[in-house]
Amino acid sequence: MKVIKKIKECKSVVSSLRRQGYRIGFVPTMGSLHQGHQSLIRMASKDCDKVFISIFVNPTQFGPGEDYKKYPRDIKKDCMLAEKEGVDYIFFPTAQEMYRSDYKTFVVVRKLGQIMCGKYRPGHFKGVATVVLKLFNIVNAHKAYFGQKDYQQMIIIKKMVYDLDLDVDIVSGPTIRESDGLAMSSRNKYLSSEERENAVVLYQSLNMAKDMIKCGEKDLEKIKKKALKKLKGNKFIKSVDYFEFRDPITLEERKKAEKKHKSLLVASAIWIGKTRLIDNVVIKV
Ligand code: AMP
């Protein structure tokens, strides 16, 4: 496994591999790797001849006062895990390498980037789309892998690829969870043991919504009220940014569960102490 820090070197490695006819799979990450990342790496290894991951805590997707500085970083451990998983190359640039001092260009996926998490983290998806487009240009993979854990991000990337006619297939992987159901996330490291125990209420509230819909409840506002009551009734939940029902493809908001819609995305973002957690489930109606 090779760690590449420079854009120029990464581009030249990729073009040489492409000339030799290798299919390239790419998993962009912010590091602090866990089983969620691991499952995407395994998908890429199955589909492709050579696997690239990137490890880059992207400053442009963090708002002022967010956790950019304290975001967990552990490159040594990440390298060990990546090597064990058969990753061929890690692209690990510095912020200066990615954003030169005269950097000016950003990508905005309108509407989709302003709802749900975008409403509470203004500019977040602009930073995400920008860095992912840069990474796609640098790594130039045939396939790129994204987790459904960050569902809105996955939809936004798919839309950017479609709108900008990019030549990369976006593949999505299922959310990998801890044994109690909490979605794996690098940010789970921030939780105290009591917060960690109570964090599962987020997944439980999504499942409660799922069960109510399966039992025939059509009034999504009613379900939302019950879910908010459950979340806000937990003393470790400081606040709920949103708990919403959306179309899983267009992210249009849904107020009623109707058969014609076939499936529904239920997504939520909550604060446990100083930690913001997100999760979602997709339900067949
Ligand atoms: P991150 O390092 O958190 O930016 O995540 C990098 C990629 O891993 C993104 O595509 C995430 O959606 C994905 N990912 C993160 N956590 C999980 C998880 N628990 N299950 C599946 N994919 C995940």
# chains A, B, ... in the order shown; residues from 1 in each chain; ligands from 1
>>> residues_near_ligand(ligand="ligand 1", cutoff="8 Å", atoms="only C-alpha atoms and all ligand atoms", output="MDAnalysis selection string")
chainID A and resid 27:37 39:40 55 57 145:151 153:154 172:177 183:186
>>> residues_around(residues="A:Lys230", least_positions_apart="3", cutoff="12 Å", atoms="only C-alpha atoms", output="list in words")
Asn198, Val200, Val201, Leu202, Tyr203, Gln204, Ser205, Leu206, Asn207, Met208, Ala209, Ile223, Lys224, Lys225, Lys226, Ala227, Gly233, Asn234, Lys235, Phe236, Ile237, Ser239, Val240 and Phe243 of chain A
>>> closest_residue(among="A:Asp47, A:Glu258, A:Asp279, A:Asp219", to="A:Asp241", atoms="only C-alpha atoms")
A:Asp279
>>> residues_around(residues="stretch 129-139 of chain A", least_positions_apart="6", cutoff="10 Å", atoms="only C-alpha atoms", output="PyMOL selection string")
chain A and resi 6-15+24-26+28-29+52-54+56+58-61+91+98-99+105-109+113+153+156-157+159-161+164+166-168
>>> write_last_selection(atoms="N, CA and C atoms", output="CSV table (one decimal), in the first residue's frame")
chain,number,residue,atom,x,y,z
A,6,LYS,N,0.7,14.1,-2.7
A,6,LYS,CA,0.6,15.2,-3.7
A,6,LYS,C,-0.4,14.9,-4.9
A,7,ILE,N,-1.1,15.9,-5.3
A,7,ILE,CA,-2.1,15.8,-6.3
A,7,ILE,C,-1.4,15.3,-7.6
A,8,LYS,N,-0.3,15.9,-8.0
A,8,LYS,CA,0.4,15.6,-9.2
A,8,LYS,C,0.8,14.1,-9.3
A,9,GLU,N,1.3,13.6,-8.1
A,9,GLU,CA,1.7,12.2,-8.1
A,9,GLU,C,0.5,11.3,-8.2
A,10,CYS,N,-0.6,11.7,-7.5
A,10,CYS,CA,-1.8,10.8,-7.6
A,10,CYS,C,-2.3,10.7,-9.0
A,11,LYS,N,-2.3,11.9,-9.7
A,11,LYS,CA,-2.8,11.9,-11.1
A,11,LYS,C,-2.0,11.0,-11.9
A,12,SER,N,-0.7,11.1,-11.7
A,12,SER,CA,0.2,10.3,-12.6
A,12,SER,C,0.1,8.8,-12.3
A,13,VAL,N,-0.1,8.4,-11.0
A,13,VAL,CA,-0.3,7.0,-10.7
A,13,VAL,C,-1.5,6.5,-11.3
A,14,VAL,N,-2.6,7.3,-11.2
A,14,VAL,CA,-3.9,6.9,-11.7
A,14,VAL,C,-3.8,6.7,-13.3
A,15,SER,N,-3.2,7.7,-13.9
A,15,SER,CA,-3.2,7.5,-15.4
A,15,SER,C,-2.4,6.4,-15.9
A,24,ILE,N,-10.6,1.2,-11.4
A,24,ILE,CA,-10.2,1.8,-10.2
A,24,ILE,C,-11.5,2.1,-9.3
A,25,GLY,N,-11.4,1.7,-8.1
A,25,GLY,CA,-12.5,2.0,-7.1
A,25,GLY,C,-12.0,3.0,-6.1
A,26,PHE,N,-12.9,3.9,-5.7
A,26,PHE,CA,-12.4,5.0,-4.8
A,26,PHE,C,-13.4,5.2,-3.7
A,28,PRO,N,-13.9,7.9,-0.8
A,28,PRO,CA,-13.5,9.2,-0.1
A,28,PRO,C,-13.8,9.1,1.4
A,29,THR,N,-12.9,9.5,2.3
A,29,THR,CA,-13.2,9.5,3.7
A,29,THR,C,-12.5,10.7,4.4
A,52,PHE,N,-8.5,2.9,-4.2
A,52,PHE,CA,-7.9,4.1,-3.6
A,52,PHE,C,-8.9,4.6,-2.5
A,53,ILE,N,-8.3,5.0,-1.4
A,53,ILE,CA,-9.2,5.8,-0.5
A,53,ILE,C,-8.5,7.1,-0.3
A,54,SER,N,-9.3,8.1,0.1
A,54,SER,CA,-8.7,9.4,0.4
A,54,SER,C,-9.0,9.6,1.9
A,56,PHE,N,-9.0,12.9,4.1
A,56,PHE,CA,-8.9,14.3,4.1
A,56,PHE,C,-10.0,15.0,4.9
A,58,ASN,N,-11.9,17.8,5.4
A,58,ASN,CA,-12.0,18.9,4.5
A,58,ASN,C,-12.5,20.2,5.2
A,59,PRO,N,-11.6,21.2,5.3
A,59,PRO,CA,-12.0,22.4,6.1
A,59,PRO,C,-13.2,23.1,5.5
A,60,THR,N,-13.5,23.1,4.2
A,60,THR,CA,-14.5,23.9,3.6
A,60,THR,C,-15.9,23.3,3.9
A,61,GLN,N,-16.0,22.1,4.5
A,61,GLN,CA,-17.4,21.6,4.8
A,61,GLN,C,-17.7,21.8,6.3
A,91,PHE,N,-4.8,8.4,-0.7
A,91,PHE,CA,-4.5,9.8,-1.1
A,91,PHE,C,-4.7,10.6,0.2
A,98,MET,N,-4.8,20.9,-1.2
A,98,MET,CA,-6.1,20.9,-1.8
A,98,MET,C,-6.6,22.3,-2.1
A,99,TYR,N,-6.3,23.2,-1.2
A,99,TYR,CA,-6.8,24.6,-1.3
A,99,TYR,C,-5.6,25.5,-1.3
A,105,THR,N,-12.9,28.5,-6.3
A,105,THR,CA,-14.0,27.9,-7.0
A,105,THR,C,-14.8,26.9,-6.1
A,106,PHE,N,-16.1,27.0,-6.2
A,106,PHE,CA,-17.0,26.1,-5.4
A,106,PHE,C,-18.1,25.6,-6.2
A,107,VAL,N,-18.6,24.4,-5.8
A,107,VAL,CA,-19.7,23.8,-6.5
A,107,VAL,C,-20.9,23.8,-5.6
A,108,VAL,N,-22.1,24.3,-6.1
A,108,VAL,CA,-23.3,24.3,-5.3
A,108,VAL,C,-24.4,23.5,-6.0
A,109,VAL,N,-24.9,22.5,-5.3
A,109,VAL,CA,-26.0,21.7,-5.8
A,109,VAL,C,-27.2,22.3,-5.1
A,113,GLY,N,-28.9,21.0,-1.4
A,113,GLY,CA,-27.9,21.3,-0.4
A,113,GLY,C,-28.4,22.3,0.7
A,153,GLN,N,-25.9,13.5,1.5
A,153,GLN,CA,-24.7,13.6,0.8
A,153,GLN,C,-24.6,12.7,-0.4
A,156,ILE,N,-26.8,14.1,-3.1
A,156,ILE,CA,-26.2,15.3,-3.7
A,156,ILE,C,-25.0,15.0,-4.6
A,157,ILE,N,-24.2,14.0,-4.2
A,157,ILE,CA,-23.1,13.6,-5.1
A,157,ILE,C,-23.6,13.0,-6.4
A,159,LYS,N,-26.4,13.7,-7.8
A,159,LYS,CA,-26.9,14.8,-8.6
A,159,LYS,C,-25.8,15.6,-9.3
A,160,MET,N,-24.7,15.8,-8.5
A,160,MET,CA,-23.6,16.6,-9.1
A,160,MET,C,-23.0,15.8,-10.3
A,161,VAL,N,-22.9,14.5,-10.1
A,161,VAL,CA,-22.3,13.6,-11.2
A,161,VAL,C,-23.2,13.7,-12.4
A,164,LEU,N,-23.2,17.4,-13.9
A,164,LEU,CA,-21.9,17.8,-14.5
A,164,LEU,C,-21.3,16.8,-15.5
A,166,LEU,N,-20.2,13.8,-15.1
A,166,LEU,CA,-18.9,13.2,-14.7
A,166,LEU,C,-18.9,11.7,-15.1
A,167,ASP,N,-17.7,11.2,-15.4
A,167,ASP,CA,-17.6,9.8,-15.8
A,167,ASP,C,-17.2,8.9,-14.6
A,168,VAL,N,-18.0,8.9,-13.6
A,168,VAL,CA,-17.7,8.0,-12.5
A,168,VAL,C,-19.1,7.4,-12.0
>>> select_by_dssp(residues="stretch 49-176 of chain A", states="alpha helix (DSSP H)", output="PyMOL selection string")
chain A and resi 75-84+95-98+117-120+124-139+151-163
>>> residues_around(residues="A:Cys117", least_positions_apart="4", cutoff="9 Å", atoms="only C-alpha atoms", output="number ranges by chain")
A: 113, 121-122, 124-125, 152, 241-242, 268-269, 278
>>> atom_distance(atom1="atom CA of A:Lys218", atom2="atom CA of A:Leu182")
26.4 Å
>>> atom_distance(atom1="atom CA of A:Asp169", atom2="atom CA of A:Ala144")
6.2 Å
>>> atom_distance(atom1="atom CA of A:Val128", atom2="atom CA of A:Gly65")
17.4 Å
>>> select_by_dssp(residues="stretch 148-270 of chain A", states="strand (DSSP E)", output="list in words")
Asp169, Ile170, Val171, Ser172, Gly173, Ile237, Lys238, Ser239, Val240, Asp241, Tyr242, Phe243, Glu244, Phe245, Arg246, Ser263, Leu264, Leu265, Val266, Ala267, Ser268, Ala269 and Ile270 of chain A
>>> write_last_selection(atoms="C-alpha atoms", output="PDB file, in the first residue's frame")
ATOM      1  CA  ASP A 169     -20.317   5.480 -11.229  1.00  0.00           C
ATOM      2  CA  ILE A 170     -21.612   6.249  -7.762  1.00  0.00           C
ATOM      3  CA  VAL A 171     -22.271   3.130  -5.702  1.00  0.00           C
ATOM      4  CA  SER A 172     -23.987   3.356  -2.325  1.00  0.00           C
ATOM      5  CA  GLY A 173     -23.435   0.995   0.599  1.00  0.00           C
ATOM      6  CA  ILE A 237     -30.764  14.761  23.844  1.00  0.00           C
ATOM      7  CA  LYS A 238     -30.043  18.465  23.948  1.00  0.00           C
ATOM      8  CA  SER A 239     -32.010  19.289  20.795  1.00  0.00           C
ATOM      9  CA  VAL A 240     -33.401  17.885  17.578  1.00  0.00           C
ATOM     10  CA  ASP A 241     -32.414  19.699  14.372  1.00  0.00           C
ATOM     11  CA  TYR A 242     -34.970  17.793  12.309  1.00  0.00           C
ATOM     12  CA  PHE A 243     -36.958  14.604  12.021  1.00  0.00           C
ATOM     13  CA  GLU A 244     -38.349  14.423   8.507  1.00  0.00           C
ATOM     14  CA  PHE A 245     -39.965  12.208   5.923  1.00  0.00           C
ATOM     15  CA  ARG A 246     -38.650  12.655   2.394  1.00  0.00           C
ATOM     16  CA  SER A 263     -40.727   4.137  -0.362  1.00  0.00           C
ATOM     17  CA  LEU A 264     -39.945   6.849   2.140  1.00  0.00           C
ATOM     18  CA  LEU A 265     -36.775   8.199   3.693  1.00  0.00           C
ATOM     19  CA  VAL A 266     -36.987   8.993   7.402  1.00  0.00           C
ATOM     20  CA  ALA A 267     -34.011  11.073   8.458  1.00  0.00           C
ATOM     21  CA  SER A 268     -33.050  12.886  11.620  1.00  0.00           C
ATOM     22  CA  ALA A 269     -30.259  14.942  13.159  1.00  0.00           C
ATOM     23  CA  ILE A 270     -29.946  15.389  16.905  1.00  0.00           C
TER      24      ILE A 270
END
